[in-house]
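See below for model-v1.txt, which holds compact mmCIF, C-alpha atoms.
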```txt
# COMPACT_ATOMS: atom_id res chain seq x y z
CA MET W 23 46.31 60.85 50.55
CA TYR W 24 45.00 64.26 51.57
CA THR W 25 44.31 62.81 54.99
CA GLN W 26 48.01 62.42 55.79
CA GLY W 27 48.36 63.66 59.37
CA LEU W 28 44.64 63.59 60.21
CA ASP W 29 45.14 61.04 62.95
CA GLN W 30 45.45 63.66 65.68
CA LYS W 31 42.11 63.76 67.50
CA ASP W 32 40.47 67.09 68.30
CA ALA W 33 39.21 67.35 71.90
CA LYS W 34 36.62 70.07 71.12
CA ALA W 35 35.11 67.96 68.34
CA GLU W 36 34.75 65.05 70.73
CA GLY W 37 32.67 67.24 73.05
CA ARG W 38 30.38 68.28 70.22
CA ASP W 39 30.08 64.68 69.03
CA ALA W 40 28.37 63.78 72.30
CA VAL W 41 25.65 66.30 71.46
CA ASP W 42 24.89 64.70 68.05
CA SER W 43 21.94 62.53 69.05
CA ALA W 44 21.96 58.86 68.24
CA GLU W 45 18.76 59.37 66.25
CA ARG W 46 20.25 62.01 63.97
CA LEU W 47 23.38 59.94 63.47
CA THR W 48 21.30 56.93 62.45
CA ALA W 49 19.27 59.02 60.00
CA PHE W 50 22.46 60.53 58.60
CA GLN W 51 24.08 57.11 58.13
CA ALA W 52 20.93 55.89 56.36
CA ARG W 53 21.28 58.74 53.85
CA ILE W 54 24.92 57.82 53.27
CA ASP W 55 24.07 54.13 52.87
CA ALA W 56 21.41 55.05 50.30
CA ASP W 57 24.14 56.88 48.32
CA GLU W 58 22.49 60.25 48.90
CA LYS W 59 24.72 63.29 48.63
CA ILE W 60 25.15 65.50 51.66
CA GLU W 61 24.88 69.19 50.70
CA PRO W 62 26.20 72.27 52.57
CA LYS W 63 23.30 73.12 54.85
CA ASP W 64 22.23 69.53 55.55
CA TRP W 65 22.61 68.26 59.11
CA MET W 66 25.88 66.37 59.54
CA PRO W 67 27.80 65.00 62.51
CA GLU W 68 30.39 67.47 63.75
CA ALA W 69 33.08 64.85 63.17
CA TYR W 70 32.00 64.46 59.53
CA ARG W 71 32.19 68.21 58.98
CA LYS W 72 35.51 68.47 60.74
CA THR W 73 37.20 65.64 58.90
CA LEU W 74 36.02 67.03 55.56
CA VAL W 75 37.23 70.55 56.38
CA ARG W 76 40.67 69.15 57.11
CA GLN W 77 40.80 66.80 54.14
CA ILE W 78 39.48 69.35 51.64
CA SER W 79 41.72 72.15 52.92
CA GLN W 80 44.78 69.86 52.92
CA HIS W 81 43.90 68.88 49.38
CA ALA W 82 43.62 72.57 48.40
CA HIS W 83 46.92 73.44 50.10
CA SER W 84 48.58 70.54 48.24
CA GLU W 85 47.52 72.00 44.89
CA ILE W 86 48.88 75.44 45.76
CA ILE W 87 52.18 74.20 47.19
CA GLY W 88 52.39 71.76 44.27
CA MET W 89 52.78 74.71 41.93
CA GLN W 90 56.28 75.29 43.33
CA PRO W 91 58.27 72.19 42.30
CA GLU W 92 57.03 72.54 38.73
CA GLY W 93 57.14 76.34 38.70
CA ASN W 94 60.85 75.88 39.33
CA TRP W 95 61.35 74.79 35.69
CA LEU W 96 59.10 77.29 33.88
CA THR W 97 61.98 79.49 32.75
CA ARG W 98 64.13 76.49 31.82
CA ALA W 99 61.68 74.31 29.89
CA PRO W 100 63.48 73.23 26.68
CA SER W 101 61.18 75.00 24.20
CA LEU W 102 58.58 77.77 24.05
CA ARG W 103 55.88 75.17 23.45
CA ARG W 104 56.91 73.25 26.56
CA LYS W 105 56.99 76.48 28.57
CA ALA W 106 53.43 77.30 27.52
CA ILE W 107 52.28 73.78 28.36
CA LEU W 108 53.98 73.75 31.77
CA LEU W 109 52.53 77.18 32.51
CA ALA W 110 49.05 75.86 31.70
CA LYS W 111 49.59 72.91 34.02
CA VAL W 112 50.79 75.11 36.90
CA GLN W 113 47.85 77.48 36.37
CA ASP W 114 45.51 74.47 36.46
CA GLU W 115 46.92 73.53 39.87
CA ALA W 116 46.12 77.02 41.15
CA GLY W 117 42.60 76.59 39.82
CA HIS W 118 42.26 73.19 41.47
CA GLY W 119 43.27 74.76 44.77
CA LEU W 120 40.59 77.41 44.26
CA TYR W 121 37.84 74.84 43.48
CA LEU W 122 38.79 73.03 46.68
CA TYR W 123 38.93 76.14 48.87
CA SER W 124 35.44 76.94 47.55
CA ALA W 125 34.26 73.47 48.53
CA GLY W 126 35.86 73.88 51.96
CA GLU W 127 34.07 77.18 52.50
CA THR W 128 30.68 75.52 52.06
CA LEU W 129 31.42 73.73 55.34
CA GLY W 130 31.59 76.96 57.29
CA VAL W 131 35.34 77.64 57.39
CA SER W 132 36.56 80.88 55.83
CA ARG W 133 39.20 81.17 53.08
CA GLU W 134 41.15 83.42 55.42
CA GLN W 135 41.21 80.73 58.12
CA MET W 136 42.39 78.04 55.70
CA VAL W 137 45.09 80.28 54.22
CA ASP W 138 46.25 81.31 57.69
CA ASP W 139 46.56 77.68 58.75
CA LEU W 140 48.79 76.99 55.77
CA LEU W 141 50.95 80.08 56.26
CA THR W 142 51.45 79.45 59.98
CA GLY W 143 52.47 75.85 59.30
CA LYS W 144 49.49 74.48 61.21
CA ALA W 145 47.94 72.80 58.17
CA LYS W 146 49.48 69.91 56.28
CA TYR W 147 49.75 69.30 52.56
CA SER W 148 50.72 66.20 50.61
CA SER W 149 54.23 64.96 51.48
CA ILE W 150 55.21 64.60 47.81
CA PHE W 151 55.59 68.34 47.26
CA ASN W 152 58.48 68.52 49.73
CA TYR W 153 60.86 66.94 47.21
CA PRO W 154 63.04 69.01 44.87
CA THR W 155 62.91 69.09 41.06
CA LEU W 156 66.54 68.60 40.08
CA SER W 157 66.26 68.23 36.30
CA TRP W 158 63.80 68.74 33.44
CA ALA W 159 63.11 64.99 33.61
CA ASP W 160 61.62 65.54 37.07
CA ILE W 161 58.84 67.54 35.41
CA GLY W 162 58.09 64.45 33.30
CA ALA W 163 58.25 62.15 36.34
CA ILE W 164 55.91 64.41 38.33
CA GLY W 165 53.28 64.56 35.61
CA TRP W 166 53.47 60.83 34.96
CA LEU W 167 53.77 59.51 38.55
CA VAL W 168 52.53 62.20 40.94
CA ASP W 169 49.55 63.28 38.84
CA GLY W 170 49.02 59.61 38.03
CA ALA W 171 48.80 58.75 41.72
CA ALA W 172 46.53 61.76 42.30
CA ILE W 173 44.16 60.56 39.55
CA MET W 174 44.04 57.11 41.16
CA ASN W 175 42.91 58.77 44.39
CA GLN W 176 40.65 61.42 42.89
CA ILE W 177 38.47 59.29 40.64
CA PRO W 178 36.83 57.47 43.58
CA LEU W 179 36.49 60.85 45.33
CA CYS W 180 34.16 61.92 42.51
CA ARG W 181 31.67 59.65 44.29
CA CYS W 182 32.36 60.87 47.82
CA SER W 183 29.28 61.58 49.91
CA TYR W 184 29.79 65.34 50.25
CA GLY W 185 28.30 67.05 47.16
CA PRO W 186 30.58 70.07 46.72
CA TYR W 187 33.75 67.97 47.19
CA ALA W 188 32.54 65.31 44.74
CA ARG W 189 31.63 67.93 42.13
CA ALA W 190 34.99 69.68 42.52
CA MET W 191 36.65 66.29 41.97
CA VAL W 192 34.75 65.72 38.71
CA ARG W 193 36.01 69.03 37.40
CA ILE W 194 39.56 68.33 38.59
CA CYS W 195 39.69 64.81 37.11
CA LYS W 196 38.77 66.13 33.67
CA GLU W 197 41.77 68.43 33.79
CA GLU W 198 44.16 66.03 35.49
CA SER W 199 44.47 63.64 32.54
CA PHE W 200 46.19 66.34 30.48
CA HIS W 201 48.68 66.63 33.31
CA GLN W 202 49.55 62.97 33.35
CA ARG W 203 49.85 62.80 29.55
CA GLN W 204 52.08 65.87 29.55
CA GLY W 205 54.40 64.12 32.01
CA PHE W 206 54.44 60.84 30.15
CA GLU W 207 55.12 62.60 26.86
CA ILE W 208 58.17 64.30 28.38
CA MET W 209 59.48 60.94 29.63
CA LEU W 210 58.83 59.36 26.21
CA THR W 211 60.73 62.10 24.39
CA LEU W 212 63.70 61.76 26.77
CA CYS W 213 63.72 57.95 26.56
CA ARG W 214 63.74 58.12 22.77
CA GLY W 215 66.52 60.72 22.80
CA THR W 216 70.22 60.59 23.54
CA ASP W 217 71.80 58.29 26.11
CA GLU W 218 72.19 61.27 28.46
CA GLN W 219 68.52 62.14 28.10
CA LYS W 220 67.45 58.58 28.84
CA ALA W 221 69.77 58.48 31.85
CA MET W 222 68.21 61.73 33.09
CA ALA W 223 64.75 60.13 32.80
CA GLN W 224 65.92 57.03 34.69
CA ASP W 225 67.43 59.22 37.42
CA ALA W 226 64.13 61.07 37.83
CA LEU W 227 62.20 57.78 38.08
CA ASP W 228 64.72 56.56 40.66
CA ARG W 229 64.03 59.60 42.86
CA TRP W 230 60.26 59.95 42.41
CA TRP W 231 59.06 56.32 42.48
CA TRP W 232 59.05 55.64 46.22
CA PRO W 233 57.78 59.11 47.29
CA SER W 234 54.91 58.61 44.81
CA LEU W 235 54.00 55.30 46.47
CA MET W 236 54.07 57.08 49.84
CA MET W 237 51.46 59.55 48.57
CA PHE W 238 48.78 56.93 49.19
CA GLY W 239 49.56 56.97 52.90
CA PRO W 240 50.29 54.12 55.28
CA SER W 241 48.27 50.92 55.36
CA ASP W 242 44.73 51.52 56.66
CA LYS W 243 45.19 48.94 59.37
CA ASP W 244 47.47 51.56 60.95
CA SER W 245 44.78 54.23 60.95
CA ILE W 246 41.68 54.14 63.16
CA HIS W 247 40.06 56.98 61.23
CA SER W 248 40.01 55.14 57.91
CA ALA W 249 37.11 52.95 59.02
CA GLN W 250 34.95 55.97 59.87
CA SER W 251 35.83 57.71 56.59
CA MET W 252 34.86 54.56 54.70
CA ALA W 253 31.56 54.25 56.60
CA TRP W 254 30.77 57.87 55.71
CA LYS W 255 31.79 57.30 52.07
CA ILE W 256 34.42 60.00 52.16
CA LYS W 257 37.00 57.34 51.46
CA ARG W 258 35.93 54.71 48.95
CA PHE W 259 39.01 52.47 48.68
CA SER W 260 41.78 51.61 51.10
CA ASN W 261 45.24 53.17 50.79
CA ASP W 262 46.74 49.77 50.04
CA ASP W 263 44.19 49.02 47.30
CA LEU W 264 44.85 52.32 45.56
CA ARG W 265 48.60 51.93 45.87
CA GLN W 266 48.44 48.41 44.41
CA LYS W 267 46.32 49.63 41.51
CA PHE W 268 48.78 52.44 40.82
CA ILE W 269 51.72 50.02 40.73
CA ASP W 270 49.89 47.52 38.51
CA VAL W 271 49.03 50.25 36.03
CA THR W 272 52.34 52.15 36.07
CA VAL W 273 54.93 49.36 35.84
CA PRO W 274 53.89 48.41 32.27
CA GLN W 275 54.19 52.10 31.36
CA ALA W 276 57.75 52.14 32.74
CA GLU W 277 58.51 49.02 30.72
CA PHE W 278 57.18 50.72 27.59
CA LEU W 279 59.54 53.63 28.26
CA GLY W 280 62.44 51.19 28.65
CA LEU W 281 63.07 52.35 32.21
CA SER W 282 63.57 50.15 35.26
CA VAL W 283 61.53 50.70 38.40
CA PRO W 284 63.94 51.14 41.35
CA ASP W 285 62.58 48.15 43.30
CA ASP W 286 64.54 44.88 43.31
CA ASP W 287 61.55 43.12 44.89
CA LEU W 288 59.13 44.08 42.12
CA VAL W 289 57.69 40.87 40.68
CA PHE W 290 54.53 40.11 38.72
CA ASP W 291 52.42 37.39 40.32
CA GLU W 292 50.50 35.48 37.62
CA ALA W 293 48.06 33.99 40.10
CA SER W 294 46.76 37.29 41.53
CA GLY W 295 47.48 39.46 38.49
CA HIS W 296 49.19 41.99 40.74
CA TYR W 297 52.78 43.13 41.24
CA GLY W 298 54.47 42.25 44.50
CA PHE W 299 56.72 45.09 45.63
CA GLY W 300 59.34 45.96 48.22
CA GLU W 301 59.01 47.56 51.65
CA ILE W 302 58.28 51.28 51.77
CA ASP W 303 60.52 53.29 54.07
CA TRP W 304 57.85 54.78 56.32
CA GLN W 305 60.53 56.52 58.41
CA GLU W 306 61.14 58.80 55.45
CA PHE W 307 57.40 59.44 55.05
CA TYR W 308 56.90 60.42 58.69
CA ALA W 309 60.05 62.54 58.67
CA VAL W 310 58.79 64.49 55.64
CA LEU W 311 55.34 64.85 57.18
CA ALA W 312 56.90 66.17 60.37
CA GLY W 313 58.66 68.92 58.43
CA ASN W 314 62.04 67.36 57.77
CA GLY W 315 61.82 66.58 54.07
CA PRO W 316 64.26 68.17 51.60
CA CYS W 317 62.09 71.21 50.84
CA ASN W 318 59.52 71.71 53.59
CA ARG W 319 60.96 74.95 54.90
CA GLN W 320 61.57 76.32 51.41
CA ARG W 321 58.00 75.54 50.30
CA LEU W 322 56.44 77.39 53.23
CA ALA W 323 58.88 80.31 53.04
CA THR W 324 58.13 80.72 49.33
CA ARG W 325 54.38 80.65 49.96
CA ARG W 326 54.64 83.20 52.77
CA LYS W 327 56.77 85.51 50.66
CA ALA W 328 54.35 85.27 47.75
CA HIS W 329 51.48 86.08 50.10
CA ASP W 330 53.30 89.05 51.64
CA ASP W 331 54.57 90.34 48.28
CA GLY W 332 51.01 90.24 46.96
CA ALA W 333 49.51 92.29 49.81
CA TRP W 334 49.73 95.55 47.84
CA VAL W 335 47.69 94.00 45.02
CA ARG W 336 44.92 92.96 47.41
CA GLU W 337 44.92 96.39 49.07
CA ALA W 338 44.89 98.17 45.72
CA ALA W 339 42.00 96.05 44.50
CA ARG W 340 40.06 96.81 47.65
CA ALA W 341 40.77 100.55 47.41
CA HIS W 342 39.79 100.57 43.73
CA ALA W 343 36.55 98.74 44.43
CA GLU W 344 35.67 101.19 47.21
CA LYS W 345 36.49 104.17 45.00
CA LYS W 346 34.27 102.84 42.20
CA ALA W 347 31.45 102.21 44.63
CA ARG W 348 31.69 105.76 46.04
CA ARG W 349 31.65 107.24 42.53
CA ALA W 350 28.64 105.17 41.55
CA ALA W 351 26.77 106.28 44.66
CA ALA W 352 27.63 109.96 44.17
CA MET E 9 36.86 93.90 54.15
CA THR E 10 40.41 93.06 55.15
CA ASP E 11 43.07 92.70 52.53
CA THR E 12 42.81 88.93 52.64
CA GLU E 13 39.07 88.53 52.91
CA TRP E 14 37.28 89.83 49.86
CA PRO E 15 33.55 89.06 49.71
CA LEU E 16 32.45 85.68 48.35
CA PHE E 17 30.57 85.44 45.06
CA GLU E 18 28.71 82.40 43.69
CA VAL E 19 29.40 81.65 40.03
CA PHE E 20 26.84 80.46 37.47
CA ILE E 21 27.79 79.53 33.91
CA ARG E 22 25.77 78.99 30.76
CA SER E 23 27.85 76.43 28.88
CA LYS E 24 26.20 77.04 25.54
CA SER E 25 23.39 79.02 24.01
CA GLY E 26 20.05 77.46 24.82
CA LEU E 27 21.04 76.00 28.19
CA SER E 28 20.46 77.54 31.64
CA HIS E 29 23.16 78.92 33.85
CA ARG E 30 24.39 76.30 36.32
CA HIS E 31 26.14 76.82 39.65
CA VAL E 32 29.80 75.81 39.35
CA GLY E 33 31.43 77.16 42.51
CA SER E 34 32.55 80.40 44.07
CA VAL E 35 35.27 83.07 43.93
CA HIS E 36 36.45 85.83 46.23
CA ALA E 37 36.81 89.28 44.68
CA ALA E 38 36.88 92.94 45.74
CA ASP E 39 33.70 93.64 43.76
CA ALA E 40 31.35 92.14 41.18
CA ALA E 41 33.35 93.26 38.14
CA MET E 42 36.47 91.62 39.50
CA ALA E 43 34.42 88.53 40.41
CA LEU E 44 33.45 88.20 36.75
CA ASP E 45 37.10 88.27 35.69
CA HIS E 46 38.07 85.76 38.35
CA ALA E 47 35.17 83.48 37.43
CA ARG E 48 36.26 83.54 33.78
CA ASP E 49 39.87 82.79 34.74
CA VAL E 50 39.02 79.93 37.09
CA TYR E 51 35.94 78.32 35.54
CA THR E 52 36.26 78.76 31.77
CA ARG E 53 39.84 77.79 30.96
CA ARG E 54 38.60 75.25 28.46
CA SER E 55 35.85 77.28 26.85
CA GLU E 56 33.24 75.91 29.20
CA GLY E 57 30.99 78.93 28.99
CA VAL E 58 29.32 81.56 26.83
CA SER E 59 27.90 83.53 29.75
CA ILE E 60 28.75 84.03 33.43
CA TRP E 61 26.63 85.34 36.29
CA VAL E 62 28.13 86.21 39.64
CA ALA E 63 26.07 86.99 42.72
CA ARG E 64 27.25 87.88 46.21
CA SER E 65 26.83 84.78 48.37
CA SER E 66 25.22 87.01 51.01
CA ASP E 67 22.46 87.88 48.49
CA LEU E 68 21.46 84.26 47.99
CA THR E 69 18.57 82.96 50.04
CA ALA E 70 18.25 79.21 50.30
CA SER E 71 15.48 76.96 51.51
CA ASN E 72 16.29 75.21 54.78
CA PRO E 73 17.06 71.51 54.23
CA ALA E 74 15.90 70.70 57.77
CA GLU E 75 12.45 72.00 56.80
CA SER E 76 12.34 70.45 53.31
CA ALA E 77 9.59 68.00 54.11
CA ALA E 78 7.15 70.62 55.37
CA PHE E 79 8.25 73.25 52.83
CA PHE E 80 7.61 71.05 49.79
CA ASP E 81 4.67 69.18 51.30
CA PRO E 82 1.85 71.05 49.48
CA ALA E 83 2.74 69.51 46.11
CA ASP E 84 3.16 65.93 47.37
CA ASP E 85 -0.52 64.94 47.35
CA LYS E 86 -1.55 66.77 44.18
CA ILE E 87 -0.87 63.96 41.77
CA TYR E 88 -3.52 65.35 39.40
CA ARG E 89 -0.86 67.90 38.36
CA HIS E 90 0.93 65.09 36.52
CA PRO E 91 -0.20 64.00 33.02
CA THR E 92 0.14 60.35 34.03
CA PHE E 93 -2.82 60.77 36.41
CA TYR E 94 -5.19 60.96 33.44
CA GLU E 95 -6.40 57.91 31.62
CA ILE E 96 -6.84 58.41 27.90
CA PRO E 97 -8.73 55.58 26.19
CA ASP E 98 -7.12 53.62 23.35
CA GLY E 99 -7.93 55.04 20.00
CA VAL E 100 -7.57 58.66 21.01
CA GLU E 101 -4.54 60.06 19.24
CA ASN E 102 -2.25 63.06 19.80
CA ILE E 103 -3.08 63.80 23.48
```
For this file, write the structure as structure tokens.
Amino acid sequence: MYTQGLDQKDAKAEGRDAVDSAERLTAFQARIDADEKIEPKDWMPEAYRKTLVRQISQHAHSEIIGMQPEGNWLTRAPSLRRKAILLAKVQDEAGHGLYLYSAGETLGVSREQMVDDLLTGKAKYSSIFNYPTLSWADIGAIGWLVDGAAIMNQIPLCRCSYGPYARAMVRICKEESFHQRQGFEIMLTLCRGTDEQKAMAQDALDRWWWPSLMMFGPSDKDSIHSAQSMAWKIKRFSNDDLRQKFIDVTVPQAEFLGLSVPDDDLVFDEASGHYGFGEIDWQEFYAVLAGNGPCNRQRLATRRKAHDDGAWVREAARAHAEKKARRAAA
Amino acid sequence: MTDTEWPLFEVFIRSKSGLSHRHVGSVHAADAAMALDHARDVYTRRSEGVSIWVARSSDLTASNPAESAAFFDPADDKIYRHPTFYEIPDGVENI
């Protein structure tokens, strides 16, 4: 899911690939096959390094941008307790972004470069964060569905071949379950409330269901890079497998809430034990990825403004550190 | 340093008294004191630590993985350093 938009090939990387000798590649693949972890200074094919830099940085950007749709409701959460909880969740997302930027930096790319790529619009982030949060119920839907989908994707990543990324994922997964429970608890409270509250919950599910399914990305048969990522154990399960698992697990939860999933083709197949489901509108997915979702421009503008507005803090910190150092030396 | 590129610090945390510090990740900060605050804010939100060390990444020296075999070679054939090398007859206790 953090590889959305990685299908554009990089000409410079192709040139470097030719230099990676067949012998080194074979030895590297043998390490991967033996389930060894690749650590920062280990030899790795240029393509491996490059694909990880993009996936990890896109993952980090997703966490940071993801703070916005939920941050939108901080001042309007229904109680002080819910404000404190939502604040903790949003702070966690910032922290997740930081763990991931740290992991990215171990591959030789600077924080400044990654941040610049986000601010200039060059880097992508998960499509899901380009949708608006229109009601308090959206905060419940996001925690339950979006964090739920993220967990589905992140647990296998805990076993990815690159050490720092895998370790960051372990840390993130521990924190992510609070996020999903927070979301589900909001939905539960609304569904057990007034008719208007339940309708608000249903409306949120109606708007977030399909975008959440799109988070897993298109079918792997449509992506030539999936096979390489699987061979290098960066990707452990196919997009379709993860999406199916998410649906199988989430539909019973929706039923418990008394909500209906907005898919007329949803049907449980006794024989396979899986839910059949309707066609995803991939046009919408590609449109959002290309920058034409409901909130793309707003998300980037908000991030740029926050970065610019914070410049004085960074300068002040730098000046203060230099002043302290001069005083200590004197 | 530019206003966006503070130096990088590696973060080590002792999760509880009696255990060693373990490497958990990194933070950028203007100086070491700020790095400590940042490390606490990022890596101990759930009381994961009783002690934090931060060290500038540029101060860390690491062994070269490409030379691991040669670098660690001296110990490989000195199996007599392991207790299992020594045969203690049956009947001898507490050794």
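With only C-alpha atoms as the atoms that count, the residue of E:Val50, E:Glu56, E:Arg30, E:Arg22 with the shortest distance to chain W is E:Val50.
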(message) At a cut-off of 6 Å, which residues of chain E touch chain W? Count all atoms listed in the file and give the answer as a PyMOL selection string.
(response) chain E and resi 11+34+38-39+50+73
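Our summary of the geometry notes that CA of Gln266 (chain W) is positioned 7.5 Å from CA of Tyr297 (chain W).
Each of W:Ser260, W:Ala56, W:Ala159, W:Ala82 was checked against His247 (chain W) using all atoms listed in the file; the smallest atom-to-atom distance is that of W:Ser260.
Note that the spacing between CA of Lys146 (chain W) and CA of Gly33 (chain E) amounts to 23.8 Å.
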Contact residues around Cys213 (chain W) with all atoms listed in the file at 7 Å, ignoring same-chain residues under 4 positions, as a PDB file with C-alpha atoms, in the frame of the given file:
```pdb
ATOM      1  CA  MET W 209      59.480  60.940  29.630  1.00  0.00           C
ATOM      2  CA  GLN W 219      68.520  62.140  28.100  1.00  0.00           C
ATOM      3  CA  LYS W 220      67.450  58.580  28.840  1.00  0.00           C
ATOM      4  CA  ALA W 223      64.750  60.130  32.800  1.00  0.00           C
ATOM      5  CA  LEU W 279      59.540  53.630  28.260  1.00  0.00           C
TER       6      LEU W 279
END
```
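Each of E:Ser66, E:Gly57, E:Phe17, E:Leu27 was checked against Leu44 (chain E) using all atoms listed in the file; the smallest atom-to-atom distance is that of E:Phe17.
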(request) Taking (24.5, 77.7, 29.0) in the file's own coordinates, collect the residues within 12 Å, counting only C-alpha atoms, and hand them back as a PyMOL selection string. (result) chain E and resi 20-32+55-61
Serialized selection, C-alpha atoms, as a PDB file, in the coordinates of the input:
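Below you can see again.pdb, which holds the result:
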```pdb
ATOM      1  CA  PHE E  20      26.840  80.460  37.470  1.00  0.00           C
ATOM      2  CA  ILE E  21      27.790  79.530  33.910  1.00  0.00           C
ATOM      3  CA  ARG E  22      25.770  78.990  30.760  1.00  0.00           C
ATOM      4  CA  SER E  23      27.850  76.430  28.880  1.00  0.00           C
ATOM      5  CA  LYS E  24      26.200  77.040  25.540  1.00  0.00           C
ATOM      6  CA  SER E  25      23.390  79.020  24.010  1.00  0.00           C
ATOM      7  CA  GLY E  26      20.050  77.460  24.820  1.00  0.00           C
ATOM      8  CA  LEU E  27      21.040  76.000  28.190  1.00  0.00           C
ATOM      9  CA  SER E  28      20.460  77.540  31.640  1.00  0.00           C
ATOM     10  CA  HIS E  29      23.160  78.920  33.850  1.00  0.00           C
ATOM     11  CA  ARG E  30      24.390  76.300  36.320  1.00  0.00           C
ATOM     12  CA  HIS E  31      26.140  76.820  39.650  1.00  0.00           C
ATOM     13  CA  VAL E  32      29.800  75.810  39.350  1.00  0.00           C
ATOM     14  CA  SER E  55      35.850  77.280  26.850  1.00  0.00           C
ATOM     15  CA  GLU E  56      33.240  75.910  29.200  1.00  0.00           C
ATOM     16  CA  GLY E  57      30.990  78.930  28.990  1.00  0.00           C
ATOM     17  CA  VAL E  58      29.320  81.560  26.830  1.00  0.00           C
ATOM     18  CA  SER E  59      27.900  83.530  29.750  1.00  0.00           C
ATOM     19  CA  ILE E  60      28.750  84.030  33.430  1.00  0.00           C
ATOM     20  CA  TRP E  61      26.630  85.340  36.290  1.00  0.00           C
TER      21      TRP E  61
END
```
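Among W:Gly165, W:Pro67, W:Pro100, W:Pro316, the residue with the shortest atom-to-atom distance to Arg46 (chain W), counting all atoms listed in the file, is W:Pro67.
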(request) Grab the CA of Gly295 (chain W) to CA of Asp225 (chain W) distance for me, in Å with one decimal place. (result) 28.1 Å
Given 5 Å on each side, where is the centre and what are the edge lengths in Å to one decimal of the axis-aligned box enclosing the listed atoms of region 46-52 of chain E, as JSON?
```
{"center_x": 37.5, "center_y": 82.0, "center_z": 35.1, "size_x": 14.7, "size_y": 17.4, "size_z": 16.6}
```
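When all atoms listed in the file are used to compute distances to Ile87 (chain W), the closest of the residues W:Ala309, W:Ile194, W:Ile60, W:Ala328 turns out to be W:Ala328.
Nearest residue to Asp57 (chain W), choosing from W:Gly162, W:Ala253, W:Ala44, W:Val112 and counting only C-alpha atoms: W:Ala253.
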